[in-house]
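Here the structure is laid out as structure tokens; the discussion comes afterwards.
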Amino acid sequence: MKILVTGTAGFIGFHLVSRLLNEGYDIVGLDAINDYYDRKIKWGRLEIHGVLESSIEYGKITPSKKYDNYRFIQLNLEDRKNIENLFNSERFDIVCNLAAQAGVRYSIENPHVYIDSNIVGFLNVLESSRNIGVKHFVYASSSSVYGANEGLPFSTNHNVDHPVSLYAATKKSNELMAHSYSHLYNIPTTGLRFFTVYGPWGRPDMALFLFTKAILEHKPINVFNNGEMIRDFTYVDDIVEGILRVIKNPPKGDLKWSGKNPTPSTSKAPYKIYNIGNNSPVKLMEFIEAIEEKLNKKAIKNMMPLQAGDVVATYADVHDLVEDLHYKPETTIKEGINHFINWYRDFYNL
């Protein structure tokens with residue numbers, strides 16, 4: 001079973017590859033290694049899997065120096081010709097597309113990057129998957145697609161036509177594009193709406209990383225919406241377990257689905273959407289308190305208004321995940337934060 005995982009220098013992609021390698025899959029990892037955040041962390045993730053910066057040449061596959069079943073290629077999703085060549089030469093069984101331009105706030109400053117990577121790049125991977133007949137196309141969506149929705153918990157049965165950031169709009173677009181390919185070409189596609197993922201090797205632009213760094217450096221942290229925020233923080237290992245179960249269970253299509261009363265998360269086509277969240281939302285101030293407790297240091301709080309593109313609360317309804325895949329994330333916020341801070345101290349030699 002040969003799997004392409006895009007975004008393998010990224011946070012979730014790195015952890016997914018670790019798990020897949022241990023389970024013996026034949027993996028090709030792909031990443032653009034852009035400079036959205038510190039490349040030292042990206043190269044550090046790749047090095048764990050035996051991929052060294054000095055051995056990389058753009059557009060060429062590099063074997064891992066640690067794993068016989070892992071190879072890596074640096075490639076932009078927008079590079080249509082090289083994406084096509086990669087698919088035609090490797091003939092992947094499964095594609096797990098985690099690569100994307102991330103960040104809600106950054107999408108307000110740099111909208112064109114999101115269209116290039118998240119729309120054009122996504123189409124290139126989807127079209128190449130169709131051309132070689134992959135058995136399952138799995139891709140990262142986001143809890144941000146719920147946008148202006150206020151009914152909690154967020155359910156995949158809810159309408160998500162009111163995104164409040166361009167990033168969210170691109171993720172909703174991915175879901176629509178995937179459905180069209182499932183319908184037209186009978187390709188099993190599964191979209192995964194991740195809820196505020198955190199853990200070791202996390203992204204430096206995320207709250208846990210920013211807060212930990214600032215508190216240790218005796219600098220103030222920005223607390224948006226004056227702390228009146230709720231997030232369904234989900235530990236990365238729980239996310240990976242969910243992805244793995246999804247990979248092994250491609251959708252077959254729901255014969256009971258009706259266009260007269262359509263369920264948004266399923267279809268007569270082999271198409272499915274899942275939430276992967278902890279199903280246990282935490283107040284932002286409680287999150288900060290857990291960081292303070294682990295660091296044994298109080299944060300200097302800079303109370304701020306709600307930022308454009310942000311939502312006040314997220315909360316995942318994971319009924320389908322439990323019903324279909326017999327799985328529910330369960331790592332507590334205290335456990336997860338402790339794991340992250342232990343990694344952070346080790347990585348930065350603190």
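Chain labels run A, B, ... following the order of the structure tokens; each chain numbers its residues from 1, and ligands are numbered from 1 in the order shown.
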- Task: Please identify all polymer residues within 6 Å of segment 236-246 of chain A, counting only C-alpha atoms, omitting same-chain residues fewer than 6 positions from it, and present them as number ranges by chain.
- Result: A: 16, 197-199, 329
Write out as a PDB file with all heavy atoms, in the first residue's frame each polymer residue whose atoms come within 8 Å of segment 51-60 of chain A, counting only C-alpha atoms; drop sequence neighbours fewer than 3 positions from it.
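In the end it all went to part-v7.pdb:
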```
ATOM      1  N   TRP A  43      12.628  21.682   9.014  1.00  0.00           N
ATOM      2  CA  TRP A  43      13.765  20.801   8.752  1.00  0.00           C
ATOM      3  C   TRP A  43      13.996  19.851   9.925  1.00  0.00           C
ATOM      4  O   TRP A  43      14.404  18.702   9.731  1.00  0.00           O
ATOM      5  CB  TRP A  43      15.027  21.606   8.462  1.00  0.00           C
ATOM      6  CG  TRP A  43      15.021  22.273   7.124  1.00  0.00           C
ATOM      7  CD1 TRP A  43      15.038  23.612   6.866  1.00  0.00           C
ATOM      8  CD2 TRP A  43      14.978  21.624   5.856  1.00  0.00           C
ATOM      9  NE1 TRP A  43      15.002  23.838   5.513  1.00  0.00           N
ATOM     10  CE2 TRP A  43      14.972  22.632   4.862  1.00  0.00           C
ATOM     11  CE3 TRP A  43      14.934  20.280   5.453  1.00  0.00           C
ATOM     12  CZ2 TRP A  43      14.922  22.346   3.503  1.00  0.00           C
ATOM     13  CZ3 TRP A  43      14.892  19.999   4.091  1.00  0.00           C
ATOM     14  CH2 TRP A  43      14.894  21.020   3.134  1.00  0.00           C
ATOM     15  N   LEU A  46      11.624  16.977   9.415  1.00  0.00           N
ATOM     16  CA  LEU A  46      12.082  16.096   8.340  1.00  0.00           C
ATOM     17  C   LEU A  46      13.284  15.263   8.771  1.00  0.00           C
ATOM     18  O   LEU A  46      13.402  14.091   8.412  1.00  0.00           O
ATOM     19  CB  LEU A  46      12.433  16.924   7.101  1.00  0.00           C
ATOM     20  CG  LEU A  46      11.241  17.559   6.370  1.00  0.00           C
ATOM     21  CD1 LEU A  46      11.725  18.504   5.283  1.00  0.00           C
ATOM     22  CD2 LEU A  46      10.340  16.491   5.767  1.00  0.00           C
ATOM     23  N   GLU A  47      14.164  15.882   9.541  1.00  0.00           N
ATOM     24  CA  GLU A  47      15.370  15.172   9.979  1.00  0.00           C
ATOM     25  C   GLU A  47      15.021  13.972  10.859  1.00  0.00           C
ATOM     26  O   GLU A  47      15.707  12.944  10.831  1.00  0.00           O
ATOM     27  CB  GLU A  47      16.293  16.132  10.729  1.00  0.00           C
ATOM     28  CG  GLU A  47      17.659  15.541  11.040  1.00  0.00           C
ATOM     29  CD  GLU A  47      18.609  16.563  11.637  1.00  0.00           C
ATOM     30  OE1 GLU A  47      18.350  17.778  11.518  1.00  0.00           O
ATOM     31  OE2 GLU A  47      19.625  16.128  12.230  1.00  0.00           O
ATOM     32  N   ILE A  48      13.957  14.094  11.651  1.00  0.00           N
ATOM     33  CA  ILE A  48      13.507  12.970  12.479  1.00  0.00           C
ATOM     34  C   ILE A  48      13.227  11.745  11.602  1.00  0.00           C
ATOM     35  O   ILE A  48      13.435  10.596  12.005  1.00  0.00           O
ATOM     36  CB  ILE A  48      12.232  13.352  13.273  1.00  0.00           C
ATOM     37  CG1 ILE A  48      12.533  14.451  14.292  1.00  0.00           C
ATOM     38  CG2 ILE A  48      11.607  12.128  13.949  1.00  0.00           C
ATOM     39  CD1 ILE A  48      13.387  14.022  15.444  1.00  0.00           C
ATOM     40  N   PRO A  63      15.555   9.446  -0.897  1.00  0.00           N
ATOM     41  CA  PRO A  63      15.287   8.368   0.070  1.00  0.00           C
ATOM     42  C   PRO A  63      15.661   8.794   1.489  1.00  0.00           C
ATOM     43  O   PRO A  63      16.614   9.553   1.692  1.00  0.00           O
ATOM     44  CB  PRO A  63      16.192   7.222  -0.400  1.00  0.00           C
ATOM     45  CG  PRO A  63      16.613   7.582  -1.789  1.00  0.00           C
ATOM     46  CD  PRO A  63      16.607   9.069  -1.845  1.00  0.00           C
ATOM     47  N   SER A  64      14.907   8.330   2.457  1.00  0.00           N
ATOM     48  CA  SER A  64      15.226   8.578   3.864  1.00  0.00           C
ATOM     49  C   SER A  64      16.496   7.833   4.250  1.00  0.00           C
ATOM     50  O   SER A  64      16.761   6.735   3.752  1.00  0.00           O
ATOM     51  CB  SER A  64      14.064   8.108   4.743  1.00  0.00           C
ATOM     52  OG  SER A  64      14.453   8.002   6.097  1.00  0.00           O
ATOM     53  N   LYS A  65      17.263   8.422   5.140  1.00  0.00           N
ATOM     54  CA  LYS A  65      18.466   7.761   5.650  1.00  0.00           C
ATOM     55  C   LYS A  65      18.166   6.889   6.869  1.00  0.00           C
ATOM     56  O   LYS A  65      19.058   6.237   7.405  1.00  0.00           O
ATOM     57  CB  LYS A  65      19.525   8.813   5.998  1.00  0.00           C
ATOM     58  CG  LYS A  65      20.008   9.624   4.790  1.00  0.00           C
ATOM     59  CD  LYS A  65      21.126  10.563   5.149  1.00  0.00           C
ATOM     60  CE  LYS A  65      21.557  11.405   3.941  1.00  0.00           C
ATOM     61  NZ  LYS A  65      21.993  10.583   2.796  1.00  0.00           N
ATOM     62  N   PHE A  72      11.109  11.298   0.191  1.00  0.00           N
ATOM     63  CA  PHE A  72      10.597  12.671   0.299  1.00  0.00           C
ATOM     64  C   PHE A  72      10.879  13.440  -0.981  1.00  0.00           C
ATOM     65  O   PHE A  72      11.910  13.246  -1.633  1.00  0.00           O
ATOM     66  CB  PHE A  72      11.247  13.393   1.480  1.00  0.00           C
ATOM     67  CG  PHE A  72      10.848  14.845   1.589  1.00  0.00           C
ATOM     68  CD1 PHE A  72       9.634  15.208   2.159  1.00  0.00           C
ATOM     69  CD2 PHE A  72      11.676  15.845   1.090  1.00  0.00           C
ATOM     70  CE1 PHE A  72       9.253  16.541   2.238  1.00  0.00           C
ATOM     71  CE2 PHE A  72      11.298  17.184   1.166  1.00  0.00           C
ATOM     72  CZ  PHE A  72      10.086  17.525   1.747  1.00  0.00           C
ATOM     73  N   ILE A  73       9.951  14.354  -1.321  1.00  0.00           N
ATOM     74  CA  ILE A  73      10.167  15.246  -2.450  1.00  0.00           C
ATOM     75  C   ILE A  73       9.721  16.654  -2.083  1.00  0.00           C
ATOM     76  O   ILE A  73       8.644  16.852  -1.511  1.00  0.00           O
ATOM     77  CB  ILE A  73       9.417  14.750  -3.714  1.00  0.00           C
ATOM     78  CG1 ILE A  73       9.725  15.657  -4.916  1.00  0.00           C
ATOM     79  CG2 ILE A  73       7.912  14.644  -3.479  1.00  0.00           C
ATOM     80  CD1 ILE A  73       9.258  15.081  -6.252  1.00  0.00           C
ATOM     81  N   GLN A  74      10.575  17.628  -2.363  1.00  0.00           N
ATOM     82  CA  GLN A  74      10.197  19.033  -2.180  1.00  0.00           C
ATOM     83  C   GLN A  74       9.506  19.502  -3.449  1.00  0.00           C
ATOM     84  O   GLN A  74      10.079  19.448  -4.542  1.00  0.00           O
ATOM     85  CB  GLN A  74      11.416  19.908  -1.896  1.00  0.00           C
ATOM     86  CG  GLN A  74      11.041  21.374  -1.639  1.00  0.00           C
ATOM     87  CD  GLN A  74      12.252  22.261  -1.407  1.00  0.00           C
ATOM     88  OE1 GLN A  74      13.391  21.854  -1.634  1.00  0.00           O
ATOM     89  NE2 GLN A  74      12.017  23.481  -0.962  1.00  0.00           N
ATOM     90  N   LEU A  75       8.266  19.933  -3.308  1.00  0.00           N
ATOM     91  CA  LEU A  75       7.474  20.289  -4.473  1.00  0.00           C
ATOM     92  C   LEU A  75       6.343  21.228  -4.058  1.00  0.00           C
ATOM     93  O   LEU A  75       5.740  21.044  -3.005  1.00  0.00           O
ATOM     94  CB  LEU A  75       6.877  19.018  -5.091  1.00  0.00           C
ATOM     95  CG  LEU A  75       6.515  19.003  -6.578  1.00  0.00           C
ATOM     96  CD1 LEU A  75       7.707  19.351  -7.446  1.00  0.00           C
ATOM     97  CD2 LEU A  75       5.987  17.612  -6.954  1.00  0.00           C
ATOM     98  N   ASN A  82       5.101  18.942 -12.488  1.00  0.00           N
ATOM     99  CA  ASN A  82       5.842  18.035 -11.612  1.00  0.00           C
ATOM    100  C   ASN A  82       4.909  17.187 -10.746  1.00  0.00           C
ATOM    101  O   ASN A  82       5.237  16.037 -10.424  1.00  0.00           O
ATOM    102  CB  ASN A  82       6.824  18.811 -10.742  1.00  0.00           C
ATOM    103  CG  ASN A  82       8.150  19.035 -11.431  1.00  0.00           C
ATOM    104  OD1 ASN A  82       8.699  18.121 -12.045  1.00  0.00           O
ATOM    105  ND2 ASN A  82       8.676  20.251 -11.351  1.00  0.00           N
TER     106      ASN A  82
END
```
- Message: Neighbouring residues of segment 127-133 of chain A were defined as those with any atom within 7 Å, considering only C-alpha atoms; residues of the same chain fewer than 5 positions away were excluded. Please report them as a ChimeraX atom specification.
- Response: /A:84,87-88,91
Output file for the selection above: N, CA, C and O atoms, as a PDB file, in the first residue's frame:
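Dumped to selection_0.pdb:
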```
ATOM      1  N   GLU A  84       1.954  16.089 -11.749  1.00  0.00           N
ATOM      2  CA  GLU A  84       1.506  15.057 -12.679  1.00  0.00           C
ATOM      3  C   GLU A  84       2.571  13.979 -12.872  1.00  0.00           C
ATOM      4  O   GLU A  84       2.278  12.774 -12.871  1.00  0.00           O
ATOM      5  N   PHE A  87       2.794  11.642  -9.770  1.00  0.00           N
ATOM      6  CA  PHE A  87       1.690  10.684  -9.698  1.00  0.00           C
ATOM      7  C   PHE A  87       1.828   9.587 -10.755  1.00  0.00           C
ATOM      8  O   PHE A  87       1.595   8.408 -10.477  1.00  0.00           O
ATOM      9  N   ASN A  88       2.216   9.988 -11.948  1.00  0.00           N
ATOM     10  CA  ASN A  88       2.331   9.010 -13.031  1.00  0.00           C
ATOM     11  C   ASN A  88       3.455   8.007 -12.783  1.00  0.00           C
ATOM     12  O   ASN A  88       3.358   6.841 -13.170  1.00  0.00           O
ATOM     13  N   ARG A  91       2.229   6.075  -8.919  1.00  0.00           N
ATOM     14  CA  ARG A  91       0.962   5.320  -8.901  1.00  0.00           C
ATOM     15  C   ARG A  91       0.485   5.035  -7.477  1.00  0.00           C
ATOM     16  O   ARG A  91       0.350   3.901  -7.049  1.00  0.00           O
TER      17      ARG A  91
END
```
- Nearest candidate to Phe224 of chain A (options A:Asp254, A:Asp68, A:Asp38, A:Asp310; using only C-alpha atoms): A:Asp310
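Counting from atom CA of Leu98 of chain A, the distance to atom CA of Thr234 of chain A is 16.4 Å.
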- Query: Can you list, as a PyMOL selection string, every protein, DNA or RNA residue that comes within 12 Å of segment 204-208 of chain A when you count only C-alpha atoms, leaving out same-chain residues fewer than 5 positions away?
  - Reply: chain A and resi 10-11+35-42+102-106+196-199+213-215+221-224+231+233-235+284-285+287-292+333+336-341+344
- All residues 10 Å or closer to Leu20 of chain A, only C-alpha atoms, same chain fewer than 5 positions away omitted, as number ranges by chain: A: 3, 5, 15, 25-27, 69-70, 240, 244
Please produce an output containing C-alpha atoms for each residue in the selection, written as a short mmCIF file (atom, residue, chain, number, x, y, z; two decimals), in the first residue's frame.
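Listing of result.cif after writing:
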```cif
data_model
loop_
_atom_site.label_atom_id
_atom_site.label_comp_id
_atom_site.auth_asym_id
_atom_site.auth_seq_id
_atom_site.Cartn_x
_atom_site.Cartn_y
_atom_site.Cartn_z
CA ILE A 3 0.53 6.46 0.34
CA VAL A 5 1.24 12.40 2.32
CA HIS A 15 3.08 13.16 13.09
CA TYR A 25 3.24 1.61 4.87
CA ASP A 26 5.26 2.67 1.83
CA ILE A 27 5.27 6.47 2.13
CA ASN A 69 9.80 2.69 3.41
CA TYR A 70 10.04 6.50 3.27
CA VAL A 240 -3.50 11.20 13.72
CA LEU A 244 -5.49 6.59 10.23
#
```
- Quick one: everything within 9 Å of segment 179-181 of chain A, counting only C-alpha atoms, minus sequence neighbours fewer than 3 positions away in the same chain. Send it as a VMD selection string. chain A and resid 126 to 127 130 174 to 176 184 to 189 267 269 to 272
- Message: Please report the interatomic distance between atom CA of Glu109 of chain A and atom CA of Gly121 of chain A in Å with one decimal.
- Response: 19.6 Å
- Message: Please list as JSON, numbers by chain every residue within 7 Å of Val145 of chain A, counting only C-alpha atoms and excluding residues in the same chain fewer than 6 positions away.
- Response: {"A": [160, 163, 168, 169, 171, 172]}
- Message: To one decimal place in Å, what is the distance between atom CA of Thr331 of chain A and atom CA of Gly44 of chain A?
- Response: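 Computing the Euclidean distance for atom CA of Thr331 of chain A and atom CA of Gly44 of chain A yields 24.9 Å.
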